[in-house]
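Quick look at structure25.cif (mmCIF, C-alpha atoms):
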data_upload
loop_
_atom_site.group_PDB
_atom_site.id
_atom_site.type_symbol
_atom_site.label_atom_id
_atom_site.label_comp_id
_atom_site.auth_asym_id
_atom_site.auth_seq_id
_atom_site.Cartn_x
_atom_site.Cartn_y
_atom_site.Cartn_z
ATOM 1 C CA PRO N 124 9.223 13.812 15.485
ATOM 2 C CA ILE N 125 11.886 12.241 13.253
ATOM 3 C CA PRO N 126 14.809 10.904 15.305
ATOM 4 C CA GLY N 127 17.761 13.265 14.840
ATOM 5 C CA HIS N 128 15.869 15.532 12.418
ATOM 6 C CA GLY N 129 13.334 17.511 14.431
ATOM 7 C CA THR N 130 9.688 17.556 13.380
ATOM 8 C CA ASN N 131 8.622 17.090 9.760
ATOM 9 C CA LYS N 132 6.248 15.203 7.487
ATOM 10 C CA ILE N 133 6.649 11.469 8.061
ATOM 11 C CA ASN N 134 7.745 10.863 4.471
ATOM 12 C CA ALA N 135 10.698 13.196 5.102
ATOM 13 C CA ALA N 136 12.133 10.384 7.247
ATOM 14 C CA MET N 137 12.512 8.310 4.081
ATOM 15 C CA ALA N 138 14.440 11.128 2.395
ATOM 16 C CA PHE N 139 16.650 11.727 5.450
ATOM 17 C CA GLY N 140 17.539 8.144 6.304
ATOM 18 C CA GLY N 141 15.837 5.605 4.060
ATOM 19 C CA PRO N 142 13.762 2.689 5.366
ATOM 20 C CA PRO N 143 15.568 2.401 8.745
ATOM 21 C CA LEU N 144 14.735 5.987 9.734
ATOM 22 C CA LEU N 145 11.188 5.750 8.345
ATOM 23 C CA ILE N 146 10.622 2.586 10.419
ATOM 24 C CA ALA N 147 12.073 4.207 13.551
ATOM 25 C CA THR N 148 9.828 7.243 13.041
ATOM 26 C CA PHE N 149 6.729 5.112 12.497
ATOM 27 C CA GLU N 150 7.487 2.894 15.498
ATOM 28 C CA ARG N 151 7.995 5.941 17.741
ATOM 29 C CA LEU N 152 4.739 7.512 16.527
ATOM 30 C CA THR N 153 2.548 4.410 16.760
ATOM 31 C CA GLY N 154 4.246 2.022 19.172
ATOM 32 C CA ILE N 155 3.733 -0.692 16.525
ATOM 33 C CA PRO N 156 6.882 -2.754 15.834
ATOM 34 C CA ILE N 157 7.842 -3.203 12.178
ATOM 35 C CA ASP N 158 9.673 -6.445 11.416
ATOM 36 C CA TYR N 159 10.368 -5.972 7.711
ATOM 37 C CA TYR N 160 9.801 -3.525 4.894
ATOM 38 C CA ALA N 161 9.023 -3.721 1.173
ATOM 39 C CA LEU N 162 9.805 -0.719 -1.015
ATOM 40 C CA THR N 163 8.965 -0.033 -4.638
ATOM 41 C CA SER N 164 8.715 2.989 -6.908
ATOM 42 C CA PHE N 165 6.056 4.377 -9.232
ATOM 43 C CA ASP N 166 7.716 2.475 -12.086
ATOM 44 C CA GLY N 167 7.960 -0.627 -9.898
ATOM 45 C CA LEU N 168 4.227 -0.626 -9.132
ATOM 46 C CA THR N 169 3.409 -0.067 -12.804
ATOM 47 C CA ASP N 170 5.708 -2.910 -13.856
ATOM 48 C CA ILE N 171 4.413 -5.331 -11.204
ATOM 49 C CA VAL N 172 0.798 -4.816 -12.256
ATOM 50 C CA ASN N 173 1.638 -5.123 -15.957
ATOM 51 C CA LYS N 174 3.759 -8.245 -15.429
ATOM 52 C CA VAL N 175 0.910 -10.030 -13.625
ATOM 53 C CA GLY N 176 -1.611 -9.023 -16.293
ATOM 54 C CA GLY N 177 -3.457 -6.269 -14.396
ATOM 55 C CA VAL N 178 -5.382 -6.158 -11.126
ATOM 56 C CA ARG N 179 -9.122 -6.006 -10.494
ATOM 57 C CA VAL N 180 -10.293 -3.128 -8.323
ATOM 58 C CA ASN N 181 -13.773 -1.951 -7.420
ATOM 59 C CA VAL N 182 -13.261 1.729 -8.292
ATOM 60 C CA ASP N 183 -15.413 3.527 -5.729
ATOM 61 C CA MET N 184 -16.028 6.812 -7.565
ATOM 62 C CA ASN N 185 -15.737 8.445 -10.966
ATOM 63 C CA ILE N 186 -12.292 10.037 -11.165
ATOM 64 C CA ARG N 187 -11.072 12.753 -13.505
ATOM 65 C CA ASP N 188 -7.695 13.769 -12.118
ATOM 66 C CA SER N 189 -5.350 15.104 -14.789
ATOM 67 C CA PHE N 190 -2.514 15.666 -12.292
ATOM 68 C CA ALA N 191 -2.343 11.912 -11.531
ATOM 69 C CA GLY N 192 -3.493 10.844 -15.006
ATOM 70 C CA ALA N 193 -6.489 9.080 -13.461
ATOM 71 C CA PHE N 194 -9.567 8.897 -15.677
ATOM 72 C CA LEU N 195 -11.673 6.033 -14.348
ATOM 73 C CA ASP N 196 -15.370 5.296 -14.048
ATOM 74 C CA LYS N 197 -16.901 3.831 -10.924
ATOM 75 C CA GLY N 198 -17.320 0.050 -10.898
ATOM 76 C CA LYS N 199 -15.319 -3.155 -11.072
ATOM 77 C CA ARG N 200 -12.365 -2.575 -13.366
ATOM 78 C CA LYS N 201 -9.280 -4.464 -14.448
ATOM 79 C CA LEU N 202 -6.522 -1.873 -14.112
ATOM 80 C CA SER N 203 -3.300 -1.796 -16.086
ATOM 81 C CA GLY N 204 -0.104 -0.768 -14.345
ATOM 82 C CA ARG N 205 -0.524 2.848 -15.457
ATOM 83 C CA GLN N 206 -4.144 2.914 -14.279
ATOM 84 C CA ALA N 207 -3.318 1.275 -10.931
ATOM 85 C CA LEU N 208 -0.618 3.875 -10.308
ATOM 86 C CA ALA N 209 -2.931 6.717 -11.305
ATOM 87 C CA TYR N 210 -5.722 5.397 -9.060
ATOM 88 C CA SER N 211 -3.211 5.102 -6.198
ATOM 89 C CA ARG N 212 -1.935 8.658 -6.692
ATOM 90 C CA ALA N 213 -5.117 10.643 -7.435
ATOM 91 C CA ARG N 214 -6.054 13.056 -4.656
ATOM 92 C CA LYS N 215 -6.293 16.653 -5.861
ATOM 93 C CA THR N 216 -9.773 16.334 -7.347
ATOM 94 C CA LEU N 217 -11.177 13.755 -4.920
ATOM 95 C CA PRO N 218 -13.503 14.340 -1.991
ATOM 96 C CA GLY N 219 -11.302 13.516 0.965
ATOM 97 C CA GLY N 220 -8.054 14.196 -0.927
ATOM 98 C CA ASP N 221 -5.194 12.349 0.763
ATOM 99 C CA LEU N 222 -7.574 10.154 2.737
ATOM 100 C CA ALA N 223 -9.315 8.912 -0.422
ATOM 101 C CA ARG N 224 -5.901 8.285 -1.958
ATOM 102 C CA SER N 225 -4.913 6.129 1.031
ATOM 103 C CA ARG N 226 -8.143 4.142 0.721
ATOM 104 C CA HIS N 227 -7.508 3.578 -2.994
ATOM 105 C CA GLN N 228 -3.968 2.379 -2.316
ATOM 106 C CA GLY N 229 -5.397 -0.257 0.027
ATOM 107 C CA GLN N 230 -7.863 -1.321 -2.671
ATOM 108 C CA VAL N 231 -5.029 -1.769 -5.190
ATOM 109 C CA LEU N 232 -3.071 -3.911 -2.722
ATOM 110 C CA LEU N 233 -6.101 -6.104 -2.030
ATOM 111 C CA GLY N 234 -6.767 -6.325 -5.770
ATOM 112 C CA GLY N 235 -3.192 -7.537 -6.171
ATOM 113 C CA LEU N 236 -3.752 -10.197 -3.520
ATOM 114 C CA ALA N 237 -6.937 -11.401 -5.243
ATOM 115 C CA THR N 238 -5.100 -11.545 -8.587
ATOM 116 C CA TYR N 239 -2.250 -13.511 -7.011
ATOM 117 C CA GLN N 240 -4.645 -16.011 -5.451
ATOM 118 C CA ALA N 241 -6.617 -16.514 -8.667
ATOM 119 C CA GLN N 242 -3.435 -17.147 -10.649
ATOM 120 C CA VAL N 243 -1.915 -19.507 -8.065
ATOM 121 C CA THR N 244 -5.181 -21.471 -7.808
ATOM 122 C CA LYS N 245 -4.995 -22.126 -11.573
ATOM 123 C CA ASP N 246 -1.252 -22.815 -11.555
ATOM 124 C CA PRO N 247 0.616 -23.252 -8.225
ATOM 125 C CA ALA N 248 3.932 -22.588 -10.000
ATOM 126 C CA ARG N 249 2.827 -18.945 -10.332
ATOM 127 C CA VAL N 250 4.046 -18.449 -6.738
ATOM 128 C CA MET N 251 7.606 -18.542 -8.051
ATOM 129 C CA ALA N 252 6.766 -16.263 -10.978
ATOM 130 C CA TRP N 253 5.347 -13.668 -8.576
ATOM 131 C CA LEU N 254 8.405 -13.968 -6.326
ATOM 132 C CA ALA N 255 10.640 -13.379 -9.351
ATOM 133 C CA ILE N 256 8.658 -10.250 -10.242
ATOM 134 C CA MET N 257 8.936 -9.016 -6.660
ATOM 135 C CA ARG N 258 12.705 -9.660 -6.703
ATOM 136 C CA ASP N 259 12.996 -7.425 -9.775
ATOM 137 C CA GLU N 260 10.658 -4.619 -8.673
ATOM 138 C CA VAL N 261 10.737 -4.517 -4.846
ATOM 139 C CA LYS N 262 13.521 -3.837 -2.367
ATOM 140 C CA SER N 263 12.985 -5.631 0.945
ATOM 141 C CA ASP N 264 14.837 -6.903 3.984
ATOM 142 C CA LEU N 265 12.666 -10.038 4.154
ATOM 143 C CA PRO N 266 14.860 -13.172 4.186
ATOM 144 C CA PHE N 267 13.862 -15.479 1.331
ATOM 145 C CA PRO N 268 12.553 -18.309 3.579
ATOM 146 C CA GLU N 269 10.222 -15.838 5.314
ATOM 147 C CA LEU N 270 9.173 -14.352 1.969
ATOM 148 C CA LEU N 271 8.313 -17.825 0.656
ATOM 149 C CA ARG N 272 6.413 -18.665 3.860
ATOM 150 C CA LEU N 273 4.363 -15.471 3.541
ATOM 151 C CA ALA N 274 3.776 -16.072 -0.183
ATOM 152 C CA LEU N 275 2.311 -19.496 0.585
ATOM 153 C CA LEU N 276 0.274 -18.137 3.508
ATOM 154 C CA ALA N 277 -1.125 -15.411 1.220
ATOM 155 C CA THR N 278 -2.723 -18.073 -0.978
ATOM 156 C CA ARG N 279 -5.069 -18.987 1.903
ATOM 157 C CA ILE N 280 -6.253 -15.614 3.262
ATOM 158 C CA PRO N 281 -9.422 -14.330 1.567
ATOM 159 C CA PRO N 282 -9.041 -10.640 0.634
ATOM 160 C CA SER N 283 -12.549 -10.094 2.051
ATOM 161 C CA ARG N 284 -11.159 -11.015 5.497
ATOM 162 C CA ILE N 285 -8.423 -8.375 5.348
ATOM 163 C CA GLY N 286 -9.321 -4.963 6.679
ATOM 164 C CA SER N 287 -7.950 -1.875 5.027
ATOM 165 C CA GLN N 288 -8.482 1.159 7.205
ATOM 166 C CA VAL N 289 -7.312 4.734 6.795
ATOM 167 C CA VAL N 290 -5.942 6.104 10.056
ATOM 168 C CA PRO N 291 -8.269 8.765 11.525
ATOM 169 C CA SER N 292 -6.759 12.035 10.394
ATOM 170 C CA ALA N 293 -7.493 15.419 8.853
ATOM 171 C CA ALA N 294 -5.893 17.254 5.951
ATOM 172 C CA GLY N 295 -4.262 20.603 6.593
ATOM 173 C CA SER N 296 -1.164 22.613 5.820
ATOM 174 C CA ALA N 297 2.082 23.533 7.548
ATOM 175 C CA GLY N 298 4.654 25.964 6.202
ATOM 176 C CA GLY N 299 2.945 25.978 2.814
ATOM 177 C CA ALA N 300 3.044 22.178 2.549
ATOM 178 C CA SER N 301 0.011 19.921 2.454
ATOM 179 C CA VAL N 302 -0.024 17.703 5.537
ATOM 180 C CA VAL N 303 -2.253 15.133 7.204
ATOM 181 C CA ARG N 304 -2.549 15.379 10.983
ATOM 182 C CA LEU N 305 -3.585 12.472 13.166
ATOM 183 C CA LEU N 306 -6.853 12.726 15.068
ATOM 184 C CA PRO N 307 -7.266 11.295 18.601
ATOM 185 C CA GLY N 308 -8.932 8.175 17.150
ATOM 186 C CA ALA N 309 -5.607 7.303 15.498
ATOM 187 C CA TYR N 310 -4.015 6.529 18.838
ATOM 188 C CA SER N 311 -6.809 4.195 19.911
ATOM 189 C CA LEU N 312 -6.458 2.459 16.517
ATOM 190 C CA PHE N 313 -2.709 2.037 17.112
ATOM 191 C CA ALA N 314 -3.449 0.614 20.575
ATOM 192 C CA ARG N 315 -5.856 -1.939 19.073
ATOM 193 C CA VAL N 316 -3.234 -2.966 16.511
ATOM 194 C CA ARG N 317 -0.631 -3.371 19.288
ATOM 195 C CA ALA N 318 -3.095 -5.507 21.254
ATOM 196 C CA GLY N 319 -4.018 -7.618 18.209
ATOM 197 C CA LYS N 320 -7.646 -6.533 18.494
ATOM 198 C CA LEU N 321 -8.347 -5.132 15.031
ATOM 199 C CA GLY N 322 -11.266 -6.561 13.154
#
Output the file's structure as structure tokens, nothing else.
Amino acid sequence: PIPGHGTNKINAAMAFGGPPLLIATFERLTGIPIDYYALTSFDGLTDIVNKVGGVRVNVDMNIRDSFAGAFLDKGKRKLSGRQALAYSRARKTLPGGDLARSRHQGQVLLGGLATYQAQVTKDPARVMAWLAIMRDEVKSDLPFPELLRLALLATRIPPSRIGSQVVPSAAGSAGGASVVRLLPGAYSLFARVRAGKLG
């Protein structure tokens, strides 16, 4: 259910009412409060990765997906912006489709965190360079003091300690559109997140 718009794919909330409606839809579905949002585009992701010099990702399968432009071999790879976007978008030729795509998006985010930490360890002033890149490529409602606090906190959290989990779900279709439906395990996952008991 999308408040004021009936039932639709969750990403339709973004088209109908931008981040506020997407957040309201997500909060209603999961019961998980969202304090802030960060929004970028395909070009924004590509530019961020290129501006920081690429991100390292452990590509978990060989991918040949011409629709997404993803042609990657399994193994640890340093991805350019174009490759990171392609890896994050590929789904049509992958076992698991949308679910594999979600997993890959998490890997790119964690690769970005590892890249950030490595650069800031060598040169602490890189925190400000990253914040400048984010200012140019990301729209967010995070107040700057909170953004700076989180940027400094992110230097101390090992990526290996951050879980990236795809919500239990199954691919299907509705009205000719490809959809992903939540499985019962999704609701117990949401309850664990609400209770702070993930991990």
Name every residue that the PyMOL selection byres ((chain N and resi 135-143) around 10) selects in this structure, writing the answer as a compact mmCIF listing (two decimals) with C-alpha atoms, in the frame of the given file with chains first and numbers rising.
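result-v6.txt was written with the following content:
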# COMPACT_ATOMS: atom_id res chain seq x y z
CA PRO N 124 9.22 13.81 15.48
CA ILE N 125 11.89 12.24 13.25
CA PRO N 126 14.81 10.90 15.30
CA GLY N 127 17.76 13.26 14.84
CA HIS N 128 15.87 15.53 12.42
CA THR N 130 9.69 17.56 13.38
CA ASN N 131 8.62 17.09 9.76
CA LYS N 132 6.25 15.20 7.49
CA ILE N 133 6.65 11.47 8.06
CA ASN N 134 7.74 10.86 4.47
CA LEU N 144 14.74 5.99 9.73
CA LEU N 145 11.19 5.75 8.35
CA ILE N 146 10.62 2.59 10.42
CA ALA N 147 12.07 4.21 13.55
CA THR N 148 9.83 7.24 13.04
CA PHE N 149 6.73 5.11 12.50
CA TYR N 159 10.37 -5.97 7.71
CA TYR N 160 9.80 -3.52 4.89
CA ALA N 161 9.02 -3.72 1.17
CA LEU N 162 9.80 -0.72 -1.01
CA SER N 263 12.98 -5.63 0.94
CA ASP N 264 14.84 -6.90 3.98
Result set of the PyMOL selection byres ((chain N and resi 278) around 12) on the coordinates above, as a list of chain:residue names: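 Residues picked by the PyMOL selection byres ((chain N and resi 278) around 12): N:Gly235, N:Leu236, N:Ala237, N:Thr238, N:Tyr239, N:Gln240, N:Ala241, N:Gln242, N:Val243, N:Thr244, N:Lys245, N:Asp246, N:Pro247, N:Arg249, N:Val250, N:Trp253, N:Leu271, N:Arg272, N:Leu273, N:Ala274, N:Leu275, N:Leu276, N:Ala277, N:Arg279, N:Ile280, N:Pro281, N:Pro282.
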Mind writing the picked residues with C-alpha atoms as a PDB file, keeping the file's coordinate frame?
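In the end it all went to selection-v4.pdb:
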ATOM      1  CA  GLY N 235      -3.192  -7.537  -6.171  1.00  0.00           C
ATOM      2  CA  LEU N 236      -3.752 -10.197  -3.520  1.00  0.00           C
ATOM      3  CA  ALA N 237      -6.937 -11.401  -5.243  1.00  0.00           C
ATOM      4  CA  THR N 238      -5.100 -11.545  -8.587  1.00  0.00           C
ATOM      5  CA  TYR N 239      -2.250 -13.511  -7.011  1.00  0.00           C
ATOM      6  CA  GLN N 240      -4.645 -16.011  -5.451  1.00  0.00           C
ATOM      7  CA  ALA N 241      -6.617 -16.514  -8.667  1.00  0.00           C
ATOM      8  CA  GLN N 242      -3.435 -17.147 -10.649  1.00  0.00           C
ATOM      9  CA  VAL N 243      -1.915 -19.507  -8.065  1.00  0.00           C
ATOM     10  CA  THR N 244      -5.181 -21.471  -7.808  1.00  0.00           C
ATOM     11  CA  LYS N 245      -4.995 -22.126 -11.573  1.00  0.00           C
ATOM     12  CA  ASP N 246      -1.252 -22.815 -11.555  1.00  0.00           C
ATOM     13  CA  PRO N 247       0.616 -23.252  -8.225  1.00  0.00           C
ATOM     14  CA  ARG N 249       2.827 -18.945 -10.332  1.00  0.00           C
ATOM     15  CA  VAL N 250       4.046 -18.449  -6.738  1.00  0.00           C
ATOM     16  CA  TRP N 253       5.347 -13.668  -8.576  1.00  0.00           C
ATOM     17  CA  LEU N 271       8.313 -17.825   0.656  1.00  0.00           C
ATOM     18  CA  ARG N 272       6.413 -18.665   3.860  1.00  0.00           C
ATOM     19  CA  LEU N 273       4.363 -15.471   3.541  1.00  0.00           C
ATOM     20  CA  ALA N 274       3.776 -16.072  -0.183  1.00  0.00           C
ATOM     21  CA  LEU N 275       2.311 -19.496   0.585  1.00  0.00           C
ATOM     22  CA  LEU N 276       0.274 -18.137   3.508  1.00  0.00           C
ATOM     23  CA  ALA N 277      -1.125 -15.411   1.220  1.00  0.00           C
ATOM     24  CA  ARG N 279      -5.069 -18.987   1.903  1.00  0.00           C
ATOM     25  CA  ILE N 280      -6.253 -15.614   3.262  1.00  0.00           C
ATOM     26  CA  PRO N 281      -9.422 -14.330   1.567  1.00  0.00           C
ATOM     27  CA  PRO N 282      -9.041 -10.640   0.634  1.00  0.00           C
TER      28      PRO N 282
END
Atom CA of N:Ile186 and atom CA of N:His227, how far apart in Å?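 Going from atom CA of N:His227 over to atom CA of N:Ile186, I get 11.5 Å.
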Which neighbours of N:Val172 fall inside 10 Å, counting all atoms listed in the file, when residues of the same chain fewer than 6 positions from it are skipped, and could you give them as an mmCIF file with C-alpha atoms, keeping the file's coordinate frame?
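The result, written out as around-v9.cif:
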data_model
loop_
_atom_site.group_PDB
_atom_site.id
_atom_site.type_symbol
_atom_site.label_atom_id
_atom_site.label_comp_id
_atom_site.auth_asym_id
_atom_site.auth_seq_id
_atom_site.Cartn_x
_atom_site.Cartn_y
_atom_site.Cartn_z
ATOM 1 C CA VAL N 178 -5.382 -6.158 -11.126
ATOM 2 C CA LEU N 202 -6.522 -1.873 -14.112
ATOM 3 C CA SER N 203 -3.300 -1.796 -16.086
ATOM 4 C CA GLY N 204 -0.104 -0.768 -14.345
ATOM 5 C CA ARG N 205 -0.524 2.848 -15.457
ATOM 6 C CA GLN N 206 -4.144 2.914 -14.279
ATOM 7 C CA ALA N 207 -3.318 1.275 -10.931
ATOM 8 C CA LEU N 208 -0.618 3.875 -10.308
ATOM 9 C CA VAL N 231 -5.029 -1.769 -5.190
ATOM 10 C CA GLY N 235 -3.192 -7.537 -6.171
ATOM 11 C CA THR N 238 -5.100 -11.545 -8.587
ATOM 12 C CA ILE N 256 8.658 -10.250 -10.242
#
Mind giving me the straight-line distance from atom CA of N:Leu312 to atom CA of N:Gln288 in Å, one decimal?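 Atom-to-atom, atom CA of N:Leu312 to atom CA of N:Gln288, that is 9.6 Å.
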Between N:Met257, N:Gly299, N:Arg317, N:Ser311, smallest distance to N:Ile171 by all atoms listed in the file belongs to N:Met257
Box for stretch 234-252 of chain N: with edges along x, y and z, all listed atoms inside and 8 Å added on each side, what are the centre and edge lengths in Å to one decimal, as lines of an AutoDock Vina configuration file?
center_x = 0.3
center_y = -14.8
center_z = -7.5
size_x = 30.5
size_y = 32.9
size_z = 24.1
Point-to-point distance from atom CA of N:Lys215 to atom CA of N:Thr153, Å rounded to tenths: 27.2 Å
Return the single residue from N:Leu270, N:Met184, N:Ala213, N:Ile155 that is closest to N:Arg200, with distances computed using all atoms listed in the file.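 Of N:Leu270, N:Met184, N:Ala213, N:Ile155, the one nearest N:Arg200, counting all atoms listed in the file, is N:Met184.
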When you count all atoms listed in the file, which of these residues is closest to N:Gly167: N:Val261, N:Asn185, N:Gly129, N:Gly220?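 Once distances to N:Gly167 are computed over all atoms listed in the file, the minimum belongs to N:Val261.
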Find the residue from N:Ser189, N:Ala314, N:Gly298, N:Val289 that sits nearest to N:Arg224; use only C-alpha atoms when measuring. N:Val289
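The shortest atom-to-atom distance to N:Glu269, with all atoms listed in the file taken into account, belongs to N:Leu254 out of N:Leu305, N:Leu254, N:Leu168, N:Leu321.
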Within-12 Å shell of (-11.1, 12.8, -11.9) in input frame, only C-alpha atoms, as JSON, numbers by chain: {"N": [182, 183, 184, 185, 186, 187, 188, 189, 190, 191, 192, 193, 194, 195, 196, 197, 209, 210, 212, 213, 214, 215, 216, 217, 218, 220]}
With only C-alpha atoms as the counted atoms, please give the residues lying no more than 12 Å from N:Leu306, apart from itself and same-chain residues fewer than 2 positions off, as a count of residues only. 15
